[in-house]
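Engineer: This is the structure, below, for whatever I ask next.
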Amino acid sequence: MIFTVTPIYALAAAIIYMVLWMRVTAKRSAAGQSIGDGGDVDLLLRVRQHGNCAEWVSFVLILMILAEGMGAPSLYLHISGALLLLGRIAHPFGLKKDNAGHALRYVGNGSNMLATLNLMICLGVNILGV
């Protein structure tokens with residue numbers, strides 16, 4: 001099986017992941033903090049932005065690979081991939097230390113939940129042979 005859709009979104013997500021990682025590394029260097037956050041709230045924020053990306057990207061891409069491998073229609077894969085990228089771009093801007101209800105945080109997590117639900121349906125349909 002040759003995967004043609006999932007790698008597109010994996011590459012784009014990897015770019016976002018690396019940008020977030022570089023932000024953590026730059027802040028660690030500036031703060032002189034090798035591990036942990038040392039009580040630096042801005043460093044903790046960047047660590048969580050990166051961590052949230054790692055959590056969602058890995059989970060959604062695994063589901064995408066499985067769905068694509070089972071023959072899910074590419075339209076559904078593109079929908080989930082686009083939702084994944086939307087969420088990963090929006091979330092870091094909405095994850096604020098002083099505003100837990102920022103709209104972009106909801107967009108980020110909400111779009112990734114929709115991507116996951118879409119892929120769960122694709123997998124369920126294929127598993128049940130519906």
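Convention: chains lettered A, B, ... in structure tokens order; per-chain residue numbering from 1; ligands numbered from 1 as shown.
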Quick one: residues within 7 Å of A:His50, only C-alpha atoms counted, chain neighbours fewer than 5 positions away excluded, as a list in words?
Structural biologist: Tyr17, Leu20 and Trp21 of chain A
Engineer: Tell me which protein, DNA and RNA residues are within 10 Å of A:Ala12, counting only C-alpha atoms, leaving out same-chain ones fewer than 6 positions away, and put them as a VMD selection string.
Structural biologist: chain A and resid 81 84 to 85
Engineer: Store the residues of this selection in a file with all heavy atoms, as a PDB file, in the first residue's frame.
Structural biologist:
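The resulting file, result31.pdb, is shown below:
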ATOM      1  N   GLY A  81      -7.064  15.847   7.710  1.00  0.00           N
ATOM      2  CA  GLY A  81      -5.745  16.477   7.632  1.00  0.00           C
ATOM      3  C   GLY A  81      -5.835  17.991   7.715  1.00  0.00           C
ATOM      4  O   GLY A  81      -5.050  18.628   8.418  1.00  0.00           O
ATOM      5  N   LEU A  84      -6.676  18.931  11.219  1.00  0.00           N
ATOM      6  CA  LEU A  84      -5.482  18.782  12.056  1.00  0.00           C
ATOM      7  C   LEU A  84      -4.592  20.013  11.933  1.00  0.00           C
ATOM      8  O   LEU A  84      -4.161  20.594  12.935  1.00  0.00           O
ATOM      9  CB  LEU A  84      -4.699  17.525  11.662  1.00  0.00           C
ATOM     10  CG  LEU A  84      -3.331  17.347  12.325  1.00  0.00           C
ATOM     11  CD1 LEU A  84      -3.476  17.126  13.823  1.00  0.00           C
ATOM     12  CD2 LEU A  84      -2.570  16.203  11.681  1.00  0.00           C
ATOM     13  N   LEU A  85      -4.310  20.420  10.710  1.00  0.00           N
ATOM     14  CA  LEU A  85      -3.425  21.571  10.502  1.00  0.00           C
ATOM     15  C   LEU A  85      -4.041  22.859  11.029  1.00  0.00           C
ATOM     16  O   LEU A  85      -3.354  23.677  11.643  1.00  0.00           O
ATOM     17  CB  LEU A  85      -3.062  21.709   9.029  1.00  0.00           C
ATOM     18  CG  LEU A  85      -2.241  20.559   8.448  1.00  0.00           C
ATOM     19  CD1 LEU A  85      -1.924  20.834   6.988  1.00  0.00           C
ATOM     20  CD2 LEU A  85      -0.973  20.315   9.246  1.00  0.00           C
TER      21      LEU A  85
END
Engineer: Neighbours of stretch 40-44 of chain A within 12 Å (only C-alpha atoms; same-chain residues fewer than 5 positions away dropped), as a list in words?
Structural biologist: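 Within the cut-off, the hits are Leu20, Trp21, Met22, Arg23, Val24, Thr25, Ala26, Lys27, Arg28, Ser29, Ala30, Ala31, Gly32, Gln33, Ser34, Ile35, Gln49, His50, Gly51, Asn52, Leu95, Lys96, Lys97 and Asp98 of chain A.
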Engineer: What lies within 7 Å of A:Asn112 using only C-alpha atoms, ignoring chain neighbours under 2 positions off, as a PyMOL selection string?
Structural biologist: chain A and resi 83-84+87+108-110+114-116
Engineer: Quick one: of A:Val57, A:Leu128, A:Leu117, A:Val107, who's nearest to A:Ile15, counting only C-alpha atoms?
Structural biologist: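 With only C-alpha atoms as the atom set, the closest residue is A:Val57.
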Engineer: Using only C-alpha atoms, which residue out of A:Cys122, A:Ala13, A:Ala100, A:Met18 lies closest to A:Gly71?
Structural biologist: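 Looking only at the distances to A:Gly71, the closest residue turns out to be A:Cys122.
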Engineer: Run DSSP on the backbone and tell me which residues of chain A come out as alpha helix (DSSP H); list them as number ranges by chain.
Structural biologist: A: 6-31, 41-69, 74-94, 103-128
Engineer: Could you work out how far atom CA of A:Thr4 lies from atom CA of A:Leu61, giving the answer in Å with one decimal?
Structural biologist: 13.0 Å
Engineer: Give the answer as one residue: which of A:Gly39, A:Pro7, A:Gly129, A:Gly101 has the shortest atom-to-atom distance to A:Glu68, using only C-alpha atoms?
Structural biologist: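 Among the listed residues, A:Pro7 lies closest to A:Glu68.
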Engineer: In Å, with one decimal, what is the gap from atom CA of A:Met113 to atom CA of A:Leu63?
Structural biologist: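 Result for atom CA of A:Met113 versus atom CA of A:Leu63: 12.2 Å, one decimal.
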Engineer: Can you list, as a VMD selection string, every protein, DNA or RNA residue that comes within 12 Å of A:Leu66 when you count only C-alpha atoms, leaving out same-chain residues fewer than 5 positions away?
Structural biologist: chain A and resid 1 3 5 to 6 59 to 61 71 to 72 77 119 to 120 122 to 124 126 to 127
Engineer: Produce a file of the selected residues containing C-alpha atoms, as a PDB file, in the first residue's frame.
Structural biologist:
ATOM      1  CA  MET A   1       0.000   0.000   0.000  1.00  0.00           C
ATOM      2  CA  PHE A   3       0.137   6.228   1.187  1.00  0.00           C
ATOM      3  CA  VAL A   5      -2.673  11.605   1.412  1.00  0.00           C
ATOM      4  CA  THR A   6      -1.353  11.165   4.951  1.00  0.00           C
ATOM      5  CA  PHE A  59      -2.682  10.542  17.509  1.00  0.00           C
ATOM      6  CA  VAL A  60      -4.438  11.942  14.436  1.00  0.00           C
ATOM      7  CA  LEU A  61      -1.697  10.833  12.029  1.00  0.00           C
ATOM      8  CA  GLY A  71      -9.059   2.342   1.903  1.00  0.00           C
ATOM      9  CA  ALA A  72     -10.914   5.332   3.363  1.00  0.00           C
ATOM     10  CA  LEU A  77      -8.577  11.973   4.841  1.00  0.00           C
ATOM     11  CA  LEU A 119     -11.354   9.256  11.280  1.00  0.00           C
ATOM     12  CA  MET A 120     -13.091   7.124  13.900  1.00  0.00           C
ATOM     13  CA  CYS A 122     -13.944   6.074   8.645  1.00  0.00           C
ATOM     14  CA  LEU A 123     -12.329   3.279  10.639  1.00  0.00           C
ATOM     15  CA  GLY A 124     -15.645   2.067  12.023  1.00  0.00           C
ATOM     16  CA  ASN A 126     -14.296  -0.045   7.233  1.00  0.00           C
ATOM     17  CA  ILE A 127     -14.172  -2.396  10.207  1.00  0.00           C
TER      18      ILE A 127
END
